[in-house]
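K.L.:
Sharing a structure here in structure tokens format.
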Amino acid sequence: MKIKNFNQGFIIAVIGSLVGIGGLFISYFIWGDASEAKLTSLLSYIPPLILIYLLYRVFQRDIDFGINGNTAKIYFTKGWYLFVTSGIILGLGLLSLKKEMMVVPKVSTVLIHLGICLSTGLFEELLCRGFSQNILVEGAIRDRKDPWKGIFTASLIFGLIHLIRLINNPELLITTITQGIYAFGIGLFLGVLYFKYKNLLVVILLHATFNFLGLFIGIITKPGNITGDIPISSAILQLVIILPLAFIARKMYIRDPIK
């Protein structure tokens with residue numbers, strides 16, 4: 001799928017934003033999480049769109065999203081560590097829950113959670129890999145520079161986007177900073193996969209899978225039992241589990257041939 005003019009690409013980005021905003025409101029109406037539907041949450045979708053505009057105007061590059069190769073094969077054979085990390089996070093969350101804190105979710109709740117994870121994965125991967133990384137990597141190649149710099153910068157943008165949450169929830173300082181740091185590591189891993197295989201669908205699905213498993217604890221916990229910021233010990237543990245993705249990404253970038 002190749003985007004040959006800015007207007008076409010920007011329309012796709014706006015559609016992706018609307019899908020992401022839809023996920024916020026679904027979360028609000030199903031779980032009553034009003035904080036997710038505040039105006040500040042909606043405004044958090046505006047800076048990424050402005051960023052897309054500026055990147056495109058500066059680099060003026062056509063964008064080829066790409067859905068190349070065997071999606072299922074790449075997803076399962078190359079995304080294994082992401083499955084492991086999200087599974088460990090889910091397992092640790094389950095171990096920390098007391099039986100009286102848990103609830104069996106309805107099938108509809110699980111499906112809605114899946115839909116929200118897919119919509120978030122679609123929006124963030126469309127922005128950070130489909131637009132930002134494509135533009136930055138193509139710019140690096142054009143200037144005869146290492147494409148890794150483009151992947152690194154797009155991943156840094158991915159991490160910084162997660163800090164926008166502080167506008168709406170400043171009390172979740174440790175949680176948000178931790179998410180921003182490990183999102184950078186995940187971004188490097190997804191960025192290298194996308195660079196190597198040029199399949200946007202794979203990174204969308206991997207992103208959604210990580211969110212689905214990593215946040216699944218939220219839908220099996222009774223309301224009111226998960227509140228406040230996480231302790232520093234939990235933040236460090238999450239980073240120790242997830243940040244090796246950055247080293248795996250760098251090794252894969254150097255070792256594996258481009259498909």
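Labeling convention for the structure tokens: chains A, B, ... as they appear, residues from 1 per chain, ligands from 1 in order of appearance.
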Quick one: contact table of region 204-254 of chain A to region 81-101 of chain A, 6 Å max, nearest atom pair and distance in Å to one decimal per residue, counting only C-alpha atoms, chain and number order, as a Markdown table?

P.N.:
| residue | atom | partner | partner_atom | distance |
| --- | --- | --- | --- | --- |
| A:Phe210 | CA | A:Ser86 | CA | 5.4 |
| A:Leu213 | CA | A:Ser86 | CA | 5.7 |
| A:Gly214 | CA | A:Ser86 | CA | 5.0 |
| A:Thr221 | CA | A:Met101 | CA | 5.8 |
| A:Lys222 | CA | A:Met101 | CA | 5.6 |

K.L.:
Pick out the residues sitting within 9 Å of Gly187 (chain A), and hand them over as an MDAnalysis selection string; count only C-alpha atoms, and ignore anything fewer than 3 positions along from it in its own chain.

P.N.:
chainID A and resid 128:129 151:152 154:159 182:184 190:192 245:246

K.L.:
Filtering to N, CA, C and O atoms, could you give me those residues as an mmCIF file, in the first residue's frame?

P.N.:
data_model
loop_
_atom_site.group_PDB
_atom_site.id
_atom_site.type_symbol
_atom_site.label_atom_id
_atom_site.label_comp_id
_atom_site.auth_asym_id
_atom_site.auth_seq_id
_atom_site.Cartn_x
_atom_site.Cartn_y
_atom_site.Cartn_z
ATOM 1 N N CYS A 128 3.768 5.579 14.191
ATOM 2 C CA CYS A 128 5.193 5.463 14.514
ATOM 3 C C CYS A 128 5.988 4.624 13.520
ATOM 4 O O CYS A 128 7.168 4.912 13.283
ATOM 5 N N ARG A 129 5.412 3.589 12.961
ATOM 6 C CA ARG A 129 6.108 2.801 11.964
ATOM 7 C C ARG A 129 5.659 3.185 10.552
ATOM 8 O O ARG A 129 6.481 3.467 9.676
ATOM 9 N N ILE A 151 15.064 4.417 12.669
ATOM 10 C CA ILE A 151 14.342 3.479 13.536
ATOM 11 C C ILE A 151 14.409 3.956 14.982
ATOM 12 O O ILE A 151 13.405 3.949 15.708
ATOM 13 N N PHE A 152 15.599 4.374 15.406
ATOM 14 C CA PHE A 152 15.806 4.849 16.774
ATOM 15 C C PHE A 152 14.938 6.073 17.060
ATOM 16 O O PHE A 152 14.276 6.149 18.107
ATOM 17 N N ALA A 154 12.168 7.131 15.486
ATOM 18 C CA ALA A 154 10.743 6.778 15.485
ATOM 19 C C ALA A 154 10.360 6.066 16.781
ATOM 20 O O ALA A 154 9.266 6.275 17.317
ATOM 21 N N SER A 155 11.275 5.234 17.308
ATOM 22 C CA SER A 155 11.018 4.529 18.572
ATOM 23 C C SER A 155 11.011 5.503 19.743
ATOM 24 O O SER A 155 10.230 5.352 20.692
ATOM 25 N N LEU A 156 11.881 6.510 19.669
ATOM 26 C CA LEU A 156 11.907 7.537 20.712
ATOM 27 C C LEU A 156 10.593 8.319 20.711
ATOM 28 O O LEU A 156 10.031 8.616 21.774
ATOM 29 N N ILE A 157 10.084 8.631 19.523
ATOM 30 C CA ILE A 157 8.784 9.299 19.398
ATOM 31 C C ILE A 157 7.692 8.426 20.018
ATOM 32 O O ILE A 157 6.820 8.902 20.746
ATOM 33 N N PHE A 158 7.773 7.118 19.742
ATOM 34 C CA PHE A 158 6.814 6.156 20.282
ATOM 35 C C PHE A 158 6.813 6.182 21.811
ATOM 36 O O PHE A 158 5.762 6.164 22.455
ATOM 37 N N GLY A 159 8.009 6.237 22.396
ATOM 38 C CA GLY A 159 8.105 6.298 23.850
ATOM 39 C C GLY A 159 7.571 7.603 24.411
ATOM 40 O O GLY A 159 6.837 7.613 25.415
ATOM 41 N N TYR A 182 9.796 1.635 28.536
ATOM 42 C CA TYR A 182 9.714 0.320 27.894
ATOM 43 C C TYR A 182 9.031 0.380 26.535
ATOM 44 O O TYR A 182 9.266 -0.473 25.671
ATOM 45 N N ALA A 183 8.220 1.410 26.298
ATOM 46 C CA ALA A 183 7.647 1.590 24.956
ATOM 47 C C ALA A 183 8.751 1.883 23.948
ATOM 48 O O ALA A 183 8.681 1.454 22.789
ATOM 49 N N PHE A 184 9.789 2.594 24.376
ATOM 50 C CA PHE A 184 10.936 2.850 23.511
ATOM 51 C C PHE A 184 11.604 1.543 23.115
ATOM 52 O O PHE A 184 11.935 1.319 21.941
ATOM 53 N N LEU A 190 9.828 -3.580 17.320
ATOM 54 C CA LEU A 190 8.840 -3.536 16.240
ATOM 55 C C LEU A 190 9.393 -2.785 15.035
ATOM 56 O O LEU A 190 9.117 -3.139 13.886
ATOM 57 N N GLY A 191 10.192 -1.754 15.315
ATOM 58 C CA GLY A 191 10.774 -0.968 14.223
ATOM 59 C C GLY A 191 11.717 -1.773 13.357
ATOM 60 O O GLY A 191 11.705 -1.662 12.121
ATOM 61 N N VAL A 192 12.554 -2.596 13.987
ATOM 62 C CA VAL A 192 13.483 -3.428 13.225
ATOM 63 C C VAL A 192 12.720 -4.485 12.433
ATOM 64 O O VAL A 192 13.029 -4.751 11.260
ATOM 65 N N LEU A 245 14.379 -6.316 24.871
ATOM 66 C CA LEU A 245 13.891 -6.200 23.489
ATOM 67 C C LEU A 245 14.746 -5.237 22.678
ATOM 68 O O LEU A 245 14.949 -5.437 21.474
ATOM 69 N N ALA A 246 15.256 -4.197 23.315
ATOM 70 C CA ALA A 246 16.085 -3.223 22.609
ATOM 71 C C ALA A 246 17.386 -3.869 22.129
ATOM 72 O O ALA A 246 17.838 -3.622 20.994
#

K.L.:
Between CA of Ile174 (chain A) and CA of Asp229 (chain A), measure the distance and give it in Å to one decimal.

P.N.:
6.4 Å

K.L.:
Taking a cut-off of 7 Å and counting only C-alpha atoms, can you build a table that, for each residue of region 170-248 of chain A near region 64-70 of chain A, reports the nearest atom pair and how far apart they are in Å (one decimal), sorted by chain then residue number, as a tab-separated table?

P.N.:
residue	atom	partner	partner_atom	distance
A:Tyr197	CA	A:Asn68	CA	6.7
A:Lys198	CA	A:Gly66	CA	5.2
A:Asn199	CA	A:Ile67	CA	4.0
A:Leu200	CA	A:Ile67	CA	5.7
A:Leu201	CA	A:Ile67	CA	6.2

K.L.:
Since we have the selection now, will you write its residues out, keeping N, CA and C atoms, as a compact mmCIF listing (two decimals), in the first residue's frame?

P.N.:
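That gives us again.txt:
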# COMPACT_ATOMS: atom_id res chain seq x y z
N TYR A 197 11.10 -6.63 7.29
CA TYR A 197 10.10 -7.41 6.56
C TYR A 197 9.04 -6.56 5.86
N LYS A 198 9.00 -5.28 6.15
CA LYS A 198 8.07 -4.35 5.49
C LYS A 198 6.63 -4.87 5.53
N ASN A 199 6.19 -5.23 6.72
CA ASN A 199 4.82 -5.73 6.90
C ASN A 199 4.20 -5.02 8.09
N LEU A 200 3.39 -4.01 7.80
CA LEU A 200 2.79 -3.20 8.86
C LEU A 200 1.79 -4.01 9.68
N LEU A 201 1.12 -4.97 9.05
CA LEU A 201 0.13 -5.77 9.74
C LEU A 201 0.77 -6.57 10.88

K.L.:
Could you pull the residues within 9 Å of His113 (chain A), counting only C-alpha atoms, minus those fewer than 4 positions along the same chain, as a PyMOL selection string?

P.N.:
chain A and resi 27+108-109+117-118+212+215-216+219

K.L.:
Give me a file of those residues, with N, CA and C atoms, as a PDB file, in the first residue's frame.

P.N.:
ATOM      1  N   SER A  27     -14.167   2.229  26.195  1.00  0.00           N
ATOM      2  CA  SER A  27     -13.683   1.953  27.547  1.00  0.00           C
ATOM      3  C   SER A  27     -14.532   2.676  28.584  1.00  0.00           C
ATOM      4  N   SER A 108     -18.063 -10.919  26.228  1.00  0.00           N
ATOM      5  CA  SER A 108     -18.200  -9.616  25.575  1.00  0.00           C
ATOM      6  C   SER A 108     -17.128  -8.641  26.068  1.00  0.00           C
ATOM      7  N   THR A 109     -16.795  -8.717  27.363  1.00  0.00           N
ATOM      8  CA  THR A 109     -15.767  -7.841  27.921  1.00  0.00           C
ATOM      9  C   THR A 109     -14.401  -8.155  27.319  1.00  0.00           C
ATOM     10  N   CYS A 117      -7.484  -3.004  22.101  1.00  0.00           N
ATOM     11  CA  CYS A 117      -6.062  -3.264  21.865  1.00  0.00           C
ATOM     12  C   CYS A 117      -5.724  -3.189  20.379  1.00  0.00           C
ATOM     13  N   LEU A 118      -6.601  -3.711  19.542  1.00  0.00           N
ATOM     14  CA  LEU A 118      -6.380  -3.647  18.093  1.00  0.00           C
ATOM     15  C   LEU A 118      -6.438  -2.211  17.583  1.00  0.00           C
ATOM     16  N   PHE A 212      -2.926  -6.688  24.828  1.00  0.00           N
ATOM     17  CA  PHE A 212      -3.999  -7.592  25.265  1.00  0.00           C
ATOM     18  C   PHE A 212      -3.563  -8.408  26.485  1.00  0.00           C
ATOM     19  N   LEU A 215      -2.315  -6.019  29.610  1.00  0.00           N
ATOM     20  CA  LEU A 215      -3.375  -5.277  30.301  1.00  0.00           C
ATOM     21  C   LEU A 215      -4.568  -6.156  30.675  1.00  0.00           C
ATOM     22  N   PHE A 216      -4.444  -7.463  30.425  1.00  0.00           N
ATOM     23  CA  PHE A 216      -5.562  -8.367  30.689  1.00  0.00           C
ATOM     24  C   PHE A 216      -5.925  -8.400  32.171  1.00  0.00           C
ATOM     25  N   ILE A 219      -9.082  -6.507  33.353  1.00  0.00           N
ATOM     26  CA  ILE A 219     -10.464  -6.950  33.154  1.00  0.00           C
ATOM     27  C   ILE A 219     -10.826  -8.167  34.001  1.00  0.00           C
TER      28      ILE A 219
END

K.L.:
Identify which of the residues A:Ile230, A:Leu206, A:Leu122, A:Ile220 lies closest to Glu171 (chain A), counting only C-alpha atoms when measuring atom-to-atom distances.

P.N.:
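So, comparing all the options, the nearest one is A:Ile230.
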
K.L.:
So, with only C-alpha atoms as the atoms that count, which of A:Leu111, A:Trp148, A:Thr153, A:Ser119 lies closest to Ile254 (chain A)?

P.N.:
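Among the listed residues, A:Trp148 lies closest to Ile254 (chain A).
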